[in-house]
Every structure is written in C-alpha cells, then in structure tokens.
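Enquirer: Before I ask anything, let me first share the structure, which is written out below as structure tokens.
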Amino acid sequence: MMKTLPIDRIVINGKVATLERPGDYIEAFAIARNRIVAHGTTQDIRALAPHARIIDCEGRTVIPGLIDSHCHPDMHGARLGRWHDLSCGIASRDELLALIRRSVEGAAPSAWFVGFRYDDLQLGGYPALAELDAAACGHPVFLYRRDAHIGVANSAAMALVGYGEDAADPPFGR
C-alpha cells in the first residue's frame, strides 16, 4: 500500500495555470507539507481532503509563483561603508537634500554622492533635477532606488557619463 502525506490545504474553484502548455488550466489542487500532491476538479479535491483548510479562489486565475531572493549580496556588500544607506534616518526629501549638501561640502570637486535604498514611496517621489543640482553644488549625485532597479542622477553625474544637453538619442529611445 502506498503511503501518502496528510493534505494540509486545498485550493479550489480556480483557473490555475499549469504553464505546461499554452491555455492549460486546472480547477483545484491539494497541498501537503508545502508541495502540490494532487490536482483535478474542485469536487475531486474536496472529496480527497474533506478536513483540509480551504482556499477558495472564487473563479480567479492562479499563476505559479517564481521565488528568487534576488538580493544581490555582492552589490550590497560593495555599497556598505562607501555609499549612503538612505533607508535609515531619512524621513523627507528635505532631509535627503540636506544630507547631500553636508556630504559634498568641502569635498574634492570630483567626489560623488552615492546613495542606495532610496524609498520614493516613503519620501513622496523623487527629488527634481534642480533640487539635486542645488544640493550637490556641482558634485555628481546618484541615488539608487530600494529595489535596485531605478537610479536617479543629477546634471553633473549625467555630464560625467556623457549625457549632456546635446547628447544623441539612444537607439529605440529618447
């Protein structure tokens, strides 16, 4: 006789994409120890595990989750100690601009202000180019968003990397 795992949860009444073939869906599945152990109709899965916790999708579409920590520990480590961690102690854009101003004061003209973990949602958006330029007093500035997918640079930084007022449009962009 085959030994089966106790089913913890069942997911029913869904349009569950299997991703095996385009348009391939199932209606329900059973979970034991965080693994899918059976699938079929809602009626079949309910009968298989009548005492399991039920997650009723109410006809909604379910797609598989892709789990990837995507944390870039090497890049994070490289930033620590050399970049400003903007997730700590910055409660407003004005505080950010004051930090930039203090950090570049008395620094060599070529010194960059670089910050990471900028939270545009908490701080009400991104600083305007004119705000960054005024705070930086001619120094290049680069702020990396908290998800490390978007960065904001000021005019001095853009000029140093070759993007001035007369820069040509990149291919497929403007």
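Residues are referred to by chain and number: the chain letter is A, B, ... according to the order shown in the structure tokens, the number counts from 1 in that chain, and ligands are numbered separately from 1 in the order shown.
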Set the distance at 12 Å and use only C-alpha atoms: which residues neighbour range 50-55 of chain A once local chain neighbours fewer than 2 positions away are removed? I'd like the list as a list in words.
Expert: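 Here the qualifying residues turn out to be Pro6, Ile7, Asp8, Arg9, Ile10, Val11, Ile12, Asn13, Gly14, Ala28, Phe29, Ala30, Ile31, Ala32, Thr42, Gln43, Asp44, Ile45, Arg46, Ala47, Leu48, Cys57, Glu58, Gly59, Arg60 and Val62 of chain A.
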Enquirer: Give me, as a PyMOL selection string, all polymer residues having an atom no more than 7 Å from range 143-145 of chain A, counting only C-alpha atoms and skipping those fewer than 3 positions away in the same chain.
Expert: chain A and resi 114-119+148-153
Enquirer: Grab the residues selected above and save them as a PDB file, in the first residue's frame with C-alpha atoms.
Expert:
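Final file, selection-v1.pdb:
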ATOM      1  CA  VAL A 114      26.053  57.965  -3.982  1.00  0.00           C
ATOM      2  CA  GLY A 115      23.131  56.603  -2.014  1.00  0.00           C
ATOM      3  CA  PHE A 116      21.219  53.358  -2.066  1.00  0.00           C
ATOM      4  CA  ARG A 117      17.877  52.079  -0.762  1.00  0.00           C
ATOM      5  CA  TYR A 118      16.103  55.322  -1.665  1.00  0.00           C
ATOM      6  CA  ASP A 119      12.388  54.902  -0.918  1.00  0.00           C
ATOM      7  CA  ALA A 148      17.975  48.475  -7.159  1.00  0.00           C
ATOM      8  CA  HIS A 149      16.101  48.760 -10.451  1.00  0.00           C
ATOM      9  CA  ILE A 150      15.922  52.523 -10.831  1.00  0.00           C
ATOM     10  CA  GLY A 151      18.511  55.202 -10.285  1.00  0.00           C
ATOM     11  CA  VAL A 152      18.295  58.983 -10.286  1.00  0.00           C
ATOM     12  CA  ALA A 153      21.226  61.177 -11.265  1.00  0.00           C
TER      13      ALA A 153
END
Enquirer: Extract, using only C-alpha atoms, all DNA, RNA and protein residues at most 12 Å from Glu95 in chain A, discarding same-chain residues fewer than 5 positions from it, and format them as a VMD selection string.
Expert: chain A and resid 86 88 to 90 100 to 102 123 127 135
Enquirer: Where does DSSP see strand (DSSP E) in chain A, if you list the residues as JSON, numbers by chain?
Expert: {"A": [9, 10, 11, 12, 15, 16, 17, 25, 26, 28, 29, 30, 31, 32, 35, 36, 37, 38, 39, 40, 53, 54, 55, 56, 61, 62, 84, 85, 113, 114, 115, 116, 117, 118, 141, 142, 143, 144, 145, 151, 152, 153]}
Enquirer: Taking the DSSP secondary structure from the backbone, can you list the residues of range 7-174 of chain A that are alpha helix (DSSP H), as an MDAnalysis selection string?
Expert: chainID A and resid 42:48 73:79 93:104 129:136 155:160
Enquirer: How about saving the chosen residues, C-alpha atoms kept, as a tab-separated table (two decimals), in the first residue's frame?
Expert:
chain	number	residue	atom	x	y	z
A	42	THR	CA	-12.98	21.08	-7.16
A	43	GLN	CA	-15.30	18.18	-6.40
A	44	ASP	CA	-12.49	15.60	-6.64
A	45	ILE	CA	-10.09	17.60	-4.47
A	46	ARG	CA	-12.77	18.34	-1.83
A	47	ALA	CA	-13.51	14.60	-1.65
A	48	LEU	CA	-9.80	13.79	-1.36
A	73	PRO	CA	24.53	40.36	-1.74
A	74	ASP	CA	27.74	41.19	-3.61
A	75	MET	CA	26.44	44.59	-4.69
A	76	HIS	CA	25.01	45.28	-1.24
A	77	GLY	CA	28.33	44.43	0.36
A	78	ALA	CA	30.19	46.69	-2.05
A	79	ARG	CA	27.92	49.59	-1.14
A	93	ARG	CA	13.22	64.79	0.72
A	94	ASP	CA	14.40	67.92	2.53
A	95	GLU	CA	16.45	65.73	4.90
A	96	LEU	CA	17.90	63.89	1.89
A	97	LEU	CA	18.88	67.14	0.20
A	98	ALA	CA	20.46	68.40	3.44
A	99	LEU	CA	22.46	65.14	3.73
A	100	ILE	CA	23.73	65.55	0.16
A	101	ARG	CA	24.70	69.17	0.86
A	102	ARG	CA	26.56	68.24	4.08
A	103	SER	CA	28.31	65.29	2.44
A	104	VAL	CA	29.77	67.21	-0.50
A	129	LEU	CA	16.78	67.59	-11.11
A	130	ALA	CA	17.01	71.24	-9.97
A	131	GLU	CA	16.78	70.14	-6.30
A	132	LEU	CA	19.60	67.62	-6.72
A	133	ASP	CA	21.76	70.08	-8.62
A	134	ALA	CA	21.28	72.78	-5.96
A	135	ALA	CA	22.03	70.40	-3.06
A	136	ALA	CA	25.09	68.92	-4.75
A	155	SER	CA	23.20	67.05	-14.14
A	156	ALA	CA	26.85	66.72	-13.06
A	157	ALA	CA	26.61	62.91	-12.98
A	158	MET	CA	24.91	62.81	-16.37
A	159	ALA	CA	27.58	65.08	-17.87
A	160	LEU	CA	30.38	62.87	-16.49
Enquirer: Pick from A:Asp169, A:Ala91, A:Ala17, A:Val141: nearest to Gly65 in chain A, with only C-alpha atoms counted?
Expert: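 Among the listed residues, A:Ala17 lies closest to Gly65 in chain A.
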Enquirer: I need the residue nearest Thr61 in chain A from this list: A:Gly164, A:Gly40, A:Gly81, A:Gly23. Use only C-alpha atoms for the distance.
Expert: A:Gly23
Enquirer: Could you jot down the CA of Ala108 in chain A to CA of Trp83 in chain A separation for me, Å, one decimal place?
Expert: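 These two atoms are separated by 16.4 Å.
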Enquirer: So the first atom is CA of Ser92 in chain A and the second is CA of Ala128 in chain A; what is the distance between them in Å, to one decimal place?
Expert: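 Atom-to-atom, CA of Ser92 in chain A to CA of Ala128 in chain A, that is 13.6 Å.
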Enquirer: Can you measure CA of Arg33 in chain A to CA of Ala49 in chain A for me? One decimal in Å is fine.
Expert: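 Result for CA of Arg33 in chain A versus CA of Ala49 in chain A: 13.8 Å, one decimal.
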Enquirer: Which of these, A:Leu5, A:Pro22, A:Ala168, A:Lys15, has the shortest distance to Val37 in chain A once you count only C-alpha atoms?
Expert: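 Checking each candidate against Val37 in chain A, we get A:Leu5 as the closest.
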